Number of protein chains: 2
Amino acid sequence: MTVVTSELALLPTAIPPLDEAAAAAARTELDRKTKPRGSLGRLEGLAVRLAAIRAEAVPAPLRPAIVIAAADHGVAREAVSAYPPEVTRQMLANFASGGAAVCVLARAAGAELVVVDAGTSEPLDHAAVRNLRVGDGTANAAEGPAMSQAQAADAIGRGSELAAELAGGGVSLIALGDMGIGNTTASAAVAAALLGRDPRDVCGPGTGLDASGLAHKVGVVSRMLDRNRPRADDPIGVLAAVGGFEIGVLTGVVLGAAAGRAVVLLDGFITAAAALLAVRLAPAAGGYLVAAHRSPEPGHRVILEELGLEPLLDLDLRLGEGSGAALALPLVAAARAVLAEMATFAEAGVTDTGR
Amino acid sequence: MTVVTSELALLPTAIPPLDEAAAAAARTELDRKTKPRGSLGRLEGLAVRLAAIRAEAVPAPLRPAIVIAAADHGVAREAVSAYPPEVTRQMLANFASGGAAVCVLARAAGAELVVVDAGTSEPLDHAAVRNLRVGDGTANAAEGPAMSQAQAADAIGRGSELAAELAGGGVSLIALGDMGIGNTTASAAVAAALLGRDPRDVCGPGTGLDASGLAHKVGVVSRMLDRNRPRADDPIGVLAAVGGFEIGVLTGVVLGAAAGRAVVLLDGFITAAAALLAVRLAPAAGGYLVAAHRSPEPGHRVILEELGLEPLLDLDLRLGEGSGAALALPLVAAARAVLAEMATFAEAGVTDTGR
């Protein structure tokens, strides 16, 4: 039996459908611009999607925020990462003080950075850290459930509330970022459980495993699944069994962003796993997703295919943190600017051959 | 016999070698940053290249300009484009008044836009257009040489002078853009001549040809080559025989930018053909090139492979104008920012496992 909070139960129906009329108007407007039809390639499809999400033929400039959620993972005790668990909290401090890659890239892209503690092993006292702690890190999912069903629902609820607050305050694009030593292992288990895939299809080197480390990781994911037997048709059960607090919070952020008509810009594998959970909870959320990049993690490709998303960038990024999402932000802004600012054939006096 | 101006003859030796010491220092600095080694993928290689070009381990913020050069092509009379020749001049006016795609994207990226008339059929009187006219459009290269050897050398010299002026004024990145109805045909002929390829390998639909239009274009390129017999070892002869005034000016911009240690950001097929001419004139220019994107034009892929360049974006863009280069500019700026602004493991107190 699945335990859900009342807010969570309401979420799927709260996500508005994409505005197809705005999308059609945007397509017409793009074809009036001074360029051969379709010659801006994937930027044009992105502009149309922005119109559909924002329900405006020519959307206003997007106000972006990057939500970077950090949490610790009990399964990190199984030596599934090239980094020790204390790095999660050290990096949380680095996010808060502005020195991490995502901080630099968020500044470059003009995005607000929202640093969230979703449940590191111990709290970090820093004014720039938003406390959404669901617990002091998850339990070791290779030995039992990572968290309770109530904690899973709580994580999603907290993420959803945060997104609702951001969207309510005028944020119209929410990019996702993650930090958590061991979280590619948790994400691989989530993907394998939801998609019925073999762990070998969705496990990769993460941020630095060698071949034997990867083989060990596949074995750990298999134990997580054997031990907990999560059911593909029970997303909250999957999150509770083998997920992570940051994954749950990001799942909620996706749902809350979609409910608030904000564009959701995904980063790498962990954020994709969160998006997959969100879409299994509320299929309408899928229309709000934009994939920023494709990482070398095999599980990332598997989830993007399942979600029908073609990423904007393919730069061999494997850092996480929302770094890939931050790098794709200017492309999203550019797609909107083309729709809003380019002259039409009539305005510019340029011959339109209709090609 | 090749005719060259005296400035042109000096250019090859005037291009400084890449600064390998700065590159090595940048690599070391990147490995001290709070991220797994190499986890920012191709952004890291780009940051190292910027250091090598700018001869600074941590380059100062780049000041970008986009040079968009327009010219008319006699070969457009052979019906090789979906657009009539007058569109070149109409679009030049559109660039000057800020309504074209590249204008919107340059503003979004914070780049100066330098609009150059390299030789449209008749002059356009507009304060925002830089007059580097080599002639009133080229002759029809399907019937004889597109231009004289002196005009070819003149086009290169004018472009080189423009780049030297920009670099001297503090511009440290020059992105290339092109406009000219018929110029994918001219570029295909340049590529075929320099690389000894069959016209079928380097001709594509441009901005809107159908299959029969493409077959006709292949035939026109074959006639251009048969009629003029350009020699692969004579780049200026190739430019004169089958090129275009904007291609020549952009060739010069590449050479002048490299001589001034400015990063050269390529756009699509036409700018790649100009870069190939530049590298054949001065191989040292190759180190200064960054490929912004890969277009669907088959000749673009062929030239990028020849130049050993892996593009940053692959978004099915086929507009030209420098639009792809403008879209890649934020990635170049981000690569520099990572090198300049990220905290090191020591500064942030993050455990470094050396992985």
# chains A, B, ... in the order shown; residues from 1 in each chain; ligands from 1

call {"tool": "select_by_dssp", "arguments": {"residues": "stretch 211-334 of chain A", "states": "strand (DSSP E or B)", "output": "ChimeraX atom specification"}}
result
/A:263-266,289-291,293,313

call {"tool": "write_last_selection", "arguments": {"atoms": "all heavy atoms", "output": "JSON list (two decimals), in the first residue's frame"}}
result
[["chain", "number", "residue", "atom", "x", "y", "z"],
["A", 263, "VAL", "N", 9.20, 26.18, -16.86],
["A", 263, "VAL", "CA", 10.02, 25.25, -17.64],
["A", 263, "VAL", "C", 10.93, 24.49, -16.67],
["A", 263, "VAL", "O", 11.49, 25.09, -15.76],
["A", 263, "VAL", "CB", 10.90, 26.04, -18.64],
["A", 263, "VAL", "CG1", 11.75, 25.10, -19.49],
["A", 263, "VAL", "CG2", 10.04, 26.95, -19.51],
["A", 264, "VAL", "N", 11.07, 23.18, -16.88],
["A", 264, "VAL", "CA", 11.97, 22.37, -16.04],
["A", 264, "VAL", "C", 13.17, 21.97, -16.89],
["A", 264, "VAL", "O", 13.02, 21.26, -17.89],
["A", 264, "VAL", "CB", 11.26, 21.10, -15.52],
["A", 264, "VAL", "CG1", 12.25, 20.24, -14.73],
["A", 264, "VAL", "CG2", 10.06, 21.48, -14.67],
["A", 265, "LEU", "N", 14.34, 22.44, -16.50],
["A", 265, "LEU", "CA", 15.55, 22.14, -17.27],
["A", 265, "LEU", "C", 16.35, 21.08, -16.51],
["A", 265, "LEU", "O", 16.85, 21.32, -15.41],
["A", 265, "LEU", "CB", 16.37, 23.43, -17.47],
["A", 265, "LEU", "CG", 17.59, 23.35, -18.39],
["A", 265, "LEU", "CD1", 17.22, 22.90, -19.81],
["A", 265, "LEU", "CD2", 18.29, 24.70, -18.44],
["A", 266, "LEU", "N", 16.46, 19.90, -17.12],
["A", 266, "LEU", "CA", 17.16, 18.79, -16.46],
["A", 266, "LEU", "C", 18.67, 18.93, -16.65],
["A", 266, "LEU", "O", 19.14, 19.53, -17.60],
["A", 266, "LEU", "CB", 16.71, 17.46, -17.06],
["A", 266, "LEU", "CG", 15.22, 17.15, -16.99],
["A", 266, "LEU", "CD1", 14.95, 15.76, -17.57],
["A", 266, "LEU", "CD2", 14.72, 17.24, -15.56],
["A", 289, "LEU", "N", 9.38, 19.30, -19.46],
["A", 289, "LEU", "CA", 10.80, 18.96, -19.34],
["A", 289, "LEU", "C", 11.60, 19.37, -20.57],
["A", 289, "LEU", "O", 11.19, 19.13, -21.70],
["A", 289, "LEU", "CB", 10.97, 17.46, -19.14],
["A", 289, "LEU", "CG", 10.20, 16.81, -17.98],
["A", 289, "LEU", "CD1", 10.40, 15.29, -18.01],
["A", 289, "LEU", "CD2", 10.66, 17.40, -16.65],
["A", 290, "VAL", "N", 12.76, 19.95, -20.35],
["A", 290, "VAL", "CA", 13.75, 20.20, -21.39],
["A", 290, "VAL", "C", 15.05, 19.56, -20.92],
["A", 290, "VAL", "O", 15.47, 19.77, -19.78],
["A", 290, "VAL", "CB", 13.95, 21.72, -21.63],
["A", 290, "VAL", "CG1", 15.08, 21.96, -22.63],
["A", 290, "VAL", "CG2", 12.65, 22.37, -22.11],
["A", 291, "ALA", "N", 15.67, 18.76, -21.77],
["A", 291, "ALA", "CA", 16.93, 18.09, -21.41],
["A", 291, "ALA", "C", 18.10, 18.96, -21.82],
["A", 291, "ALA", "O", 18.28, 19.28, -23.00],
["A", 291, "ALA", "CB", 17.02, 16.73, -22.08],
["A", 293, "HIS", "N", 21.53, 18.36, -21.37],
["A", 293, "HIS", "CA", 22.69, 17.69, -21.97],
["A", 293, "HIS", "C", 22.59, 16.18, -21.80],
["A", 293, "HIS", "O", 21.75, 15.68, -21.08],
["A", 293, "HIS", "CB", 24.00, 18.21, -21.36],
["A", 293, "HIS", "CG", 24.35, 17.59, -20.04],
["A", 293, "HIS", "ND1", 25.40, 16.70, -19.89],
["A", 293, "HIS", "CD2", 23.81, 17.71, -18.82],
["A", 293, "HIS", "CE1", 25.48, 16.32, -18.62],
["A", 293, "HIS", "NE2", 24.53, 16.92, -17.96],
["A", 313, "LEU", "N", 22.80, 19.74, -25.42],
["A", 313, "LEU", "CA", 24.26, 19.68, -25.44],
["A", 313, "LEU", "C", 24.76, 18.25, -25.30],
["A", 313, "LEU", "O", 24.08, 17.41, -24.68],
["A", 313, "LEU", "CB", 24.85, 20.51, -24.28],
["A", 313, "LEU", "CG", 24.54, 21.99, -24.25],
["A", 313, "LEU", "CD1", 25.05, 22.61, -22.94],
["A", 313, "LEU", "CD2", 25.19, 22.70, -25.44]]

call {"tool": "interface_residues", "arguments": {"of": "chain B", "to": "chain A", "cutoff": "7 Å", "atoms": "only C-alpha atoms", "output": "PyMOL selection string"}}
result
chain B and resi 34-36+39-42+82-83+87+90-91+94+99-101+104-105+108+207-208+313+315-319+327+330-331+334+337-338+341-343+348-351+353+355

call {"tool": "residues_around", "arguments": {"residues": "B:Asp19", "least_positions_apart": "5", "cutoff": "8 Å", "atoms": "only C-alpha atoms", "output": "list in words"}}
result
Ala51, Ala52, Ile53, Arg54 and Ala55 of chain B

call {"tool": "write_last_selection", "arguments": {"atoms": "all heavy atoms", "output": "short mmCIF file (atom, residue, chain, number, x, y, z; two decimals), in the first residue's frame"}}
result
data_model
loop_
_atom_site.label_atom_id
_atom_site.label_comp_id
_atom_site.auth_asym_id
_atom_site.auth_seq_id
_atom_site.Cartn_x
_atom_site.Cartn_y
_atom_site.Cartn_z
N ALA B 51 43.51 29.39 -23.00
CA ALA B 51 44.76 29.80 -22.34
C ALA B 51 45.91 29.82 -23.35
O ALA B 51 46.73 30.75 -23.37
CB ALA B 51 45.07 28.86 -21.18
N ALA B 52 45.96 28.78 -24.19
CA ALA B 52 47.04 28.69 -25.19
C ALA B 52 46.96 29.83 -26.20
O ALA B 52 47.98 30.39 -26.60
CB ALA B 52 46.96 27.34 -25.91
N ILE B 53 45.74 30.17 -26.61
CA ILE B 53 45.56 31.25 -27.59
C ILE B 53 45.89 32.60 -26.98
O ILE B 53 46.62 33.41 -27.55
CB ILE B 53 44.12 31.24 -28.13
CG1 ILE B 53 43.88 30.00 -29.00
CG2 ILE B 53 43.82 32.53 -28.92
CD1 ILE B 53 42.44 29.83 -29.48
N ARG B 54 45.36 32.84 -25.78
CA ARG B 54 45.52 34.15 -25.16
C ARG B 54 46.86 34.29 -24.43
O ARG B 54 47.18 35.36 -23.93
CB ARG B 54 44.36 34.43 -24.19
CG ARG B 54 43.00 34.46 -24.87
CD ARG B 54 42.86 35.61 -25.86
NE ARG B 54 43.00 36.90 -25.19
CZ ARG B 54 43.41 38.01 -25.81
NH1 ARG B 54 43.72 37.99 -27.09
NH2 ARG B 54 43.50 39.13 -25.15
N ALA B 55 47.61 33.18 -24.33
CA ALA B 55 48.91 33.20 -23.67
C ALA B 55 48.81 33.65 -22.22
O ALA B 55 49.65 34.40 -21.72
CB ALA B 55 49.90 34.07 -24.46
#

call {"tool": "select_by_dssp", "arguments": {"residues": "stretch 63-98 of chain A", "states": "alpha helix (DSSP H)", "output": "list in words"}}
result
Glu86, Val87, Thr88, Arg89, Gln90, Met91, Leu92, Ala93, Asn94, Phe95, Ala96 and Ser97 of chain A

call {"tool": "write_last_selection", "arguments": {"atoms": "C-alpha atoms", "output": "PDB file, in the first residue's frame"}}
result
ATOM      1  CA  GLU A  86      32.000  13.574   3.654  1.00  0.00           C
ATOM      2  CA  VAL A  87      32.438  15.232   0.268  1.00  0.00           C
ATOM      3  CA  THR A  88      28.651  15.726   0.016  1.00  0.00           C
ATOM      4  CA  ARG A  89      28.628  18.119   2.939  1.00  0.00           C
ATOM      5  CA  GLN A  90      31.919  19.754   1.919  1.00  0.00           C
ATOM      6  CA  MET A  91      30.422  20.473  -1.477  1.00  0.00           C
ATOM      7  CA  LEU A  92      27.232  21.810   0.082  1.00  0.00           C
ATOM      8  CA  ALA A  93      29.435  24.377   1.817  1.00  0.00           C
ATOM      9  CA  ASN A  94      31.186  25.071  -1.479  1.00  0.00           C
ATOM     10  CA  PHE A  95      27.807  25.697  -3.168  1.00  0.00           C
ATOM     11  CA  ALA A  96      26.818  28.028  -0.351  1.00  0.00           C
ATOM     12  CA  SER A  97      30.002  30.050  -0.583  1.00  0.00           C
TER      13      SER A  97
END

call {"tool": "atom_distance", "arguments": {"atom1": "atom CA of B:Ala164", "atom2": "atom CA of B:Asp178"}}
result
19.0 Å

call {"tool": "residues_around", "arguments": {"residues": "A:Gly182", "least_positions_apart": "6", "cutoff": "6 Å", "atoms": "only C-alpha atoms", "output": "MDAnalysis selection string"}}
result
chainID A and resid 73 76 81

call {"tool": "residues_around", "arguments": {"residues": "A:Ala139", "least_positions_apart": "3", "cutoff": "10 Å", "atoms": "only C-alpha atoms", "output": "list of chain:residue names"}}
result
A:Asp72, A:His73, A:Gly74, A:Val75, A:Ala76, A:Arg77, A:Gly135, A:Asp136, A:Ala142, A:Glu143, A:Gly144, A:Pro145, A:Ala146, A:Met147, A:Ser148, A:Ala241, A:Val242, A:Gly244

call {"tool": "write_last_selection", "arguments": {"atoms": "N, CA and C atoms", "output": "PDB file, in the first residue's frame"}}
result
ATOM      1  N   ASP A  72      22.880  12.762   1.634  1.00  0.00           N
ATOM      2  CA  ASP A  72      23.793  11.618   1.779  1.00  0.00           C
ATOM      3  C   ASP A  72      23.052  10.301   1.603  1.00  0.00           C
ATOM      4  N   HIS A  73      23.844   9.294   1.245  1.00  0.00           N
ATOM      5  CA  HIS A  73      23.308   7.984   0.877  1.00  0.00           C
ATOM      6  C   HIS A  73      23.967   6.883   1.697  1.00  0.00           C
ATOM      7  N   GLY A  74      23.149   6.125   2.398  1.00  0.00           N
ATOM      8  CA  GLY A  74      23.686   5.001   3.168  1.00  0.00           C
ATOM      9  C   GLY A  74      24.456   4.025   2.305  1.00  0.00           C
ATOM     10  N   VAL A  75      24.032   3.918   1.066  1.00  0.00           N
ATOM     11  CA  VAL A  75      24.686   2.947   0.180  1.00  0.00           C
ATOM     12  C   VAL A  75      26.123   3.353  -0.156  1.00  0.00           C
ATOM     13  N   ALA A  76      26.494   4.596   0.153  1.00  0.00           N
ATOM     14  CA  ALA A  76      27.890   5.010  -0.067  1.00  0.00           C
ATOM     15  C   ALA A  76      28.842   4.160   0.775  1.00  0.00           C
ATOM     16  N   ARG A  77      28.308   3.526   1.849  1.00  0.00           N
ATOM     17  CA  ARG A  77      29.151   2.636   2.665  1.00  0.00           C
ATOM     18  C   ARG A  77      29.584   1.388   1.899  1.00  0.00           C
ATOM     19  N   GLY A 135      15.976  13.800   6.536  1.00  0.00           N
ATOM     20  CA  GLY A 135      16.626  12.926   7.527  1.00  0.00           C
ATOM     21  C   GLY A 135      18.129  13.126   7.463  1.00  0.00           C
ATOM     22  N   ASP A 136      18.866  12.371   8.291  1.00  0.00           N
ATOM     23  CA  ASP A 136      20.339  12.495   8.330  1.00  0.00           C
ATOM     24  C   ASP A 136      20.975  11.535   7.323  1.00  0.00           C
ATOM     25  N   ALA A 142      21.268  -1.313   0.224  1.00  0.00           N
ATOM     26  CA  ALA A 142      21.711  -2.684  -0.064  1.00  0.00           C
ATOM     27  C   ALA A 142      21.317  -3.622   1.069  1.00  0.00           C
ATOM     28  N   GLU A 143      20.840  -3.050   2.186  1.00  0.00           N
ATOM     29  CA  GLU A 143      20.477  -3.864   3.356  1.00  0.00           C
ATOM     30  C   GLU A 143      19.005  -3.755   3.711  1.00  0.00           C
ATOM     31  N   GLY A 144      18.311  -2.794   3.117  1.00  0.00           N
ATOM     32  CA  GLY A 144      16.893  -2.578   3.424  1.00  0.00           C
ATOM     33  C   GLY A 144      16.450  -1.297   2.753  1.00  0.00           C
ATOM     34  N   PRO A 145      15.245  -0.810   3.024  1.00  0.00           N
ATOM     35  CA  PRO A 145      14.776   0.401   2.338  1.00  0.00           C
ATOM     36  C   PRO A 145      15.655   1.606   2.658  1.00  0.00           C
ATOM     37  N   ALA A 146      15.860   2.459   1.678  1.00  0.00           N
ATOM     38  CA  ALA A 146      16.646   3.675   1.881  1.00  0.00           C
ATOM     39  C   ALA A 146      15.936   4.618   2.845  1.00  0.00           C
ATOM     40  N   MET A 147      14.624   4.635   2.766  1.00  0.00           N
ATOM     41  CA  MET A 147      13.820   5.528   3.619  1.00  0.00           C
ATOM     42  C   MET A 147      12.426   4.934   3.743  1.00  0.00           C
ATOM     43  N   SER A 148      11.628   5.540   4.628  1.00  0.00           N
ATOM     44  CA  SER A 148      10.238   5.086   4.768  1.00  0.00           C
ATOM     45  C   SER A 148       9.385   5.678   3.639  1.00  0.00           C
ATOM     46  N   ALA A 241      12.430   2.700  -1.481  1.00  0.00           N
ATOM     47  CA  ALA A 241      13.257   1.491  -1.421  1.00  0.00           C
ATOM     48  C   ALA A 241      14.716   1.774  -1.761  1.00  0.00           C
ATOM     49  N   VAL A 242      14.956   2.473  -2.870  1.00  0.00           N
ATOM     50  CA  VAL A 242      16.327   2.575  -3.390  1.00  0.00           C
ATOM     51  C   VAL A 242      16.755   3.994  -3.752  1.00  0.00           C
ATOM     52  N   GLY A 244      16.855   8.455  -2.973  1.00  0.00           N
ATOM     53  CA  GLY A 244      17.610   9.327  -2.081  1.00  0.00           C
ATOM     54  C   GLY A 244      16.778  10.551  -1.767  1.00  0.00           C
TER      55      GLY A 244
END
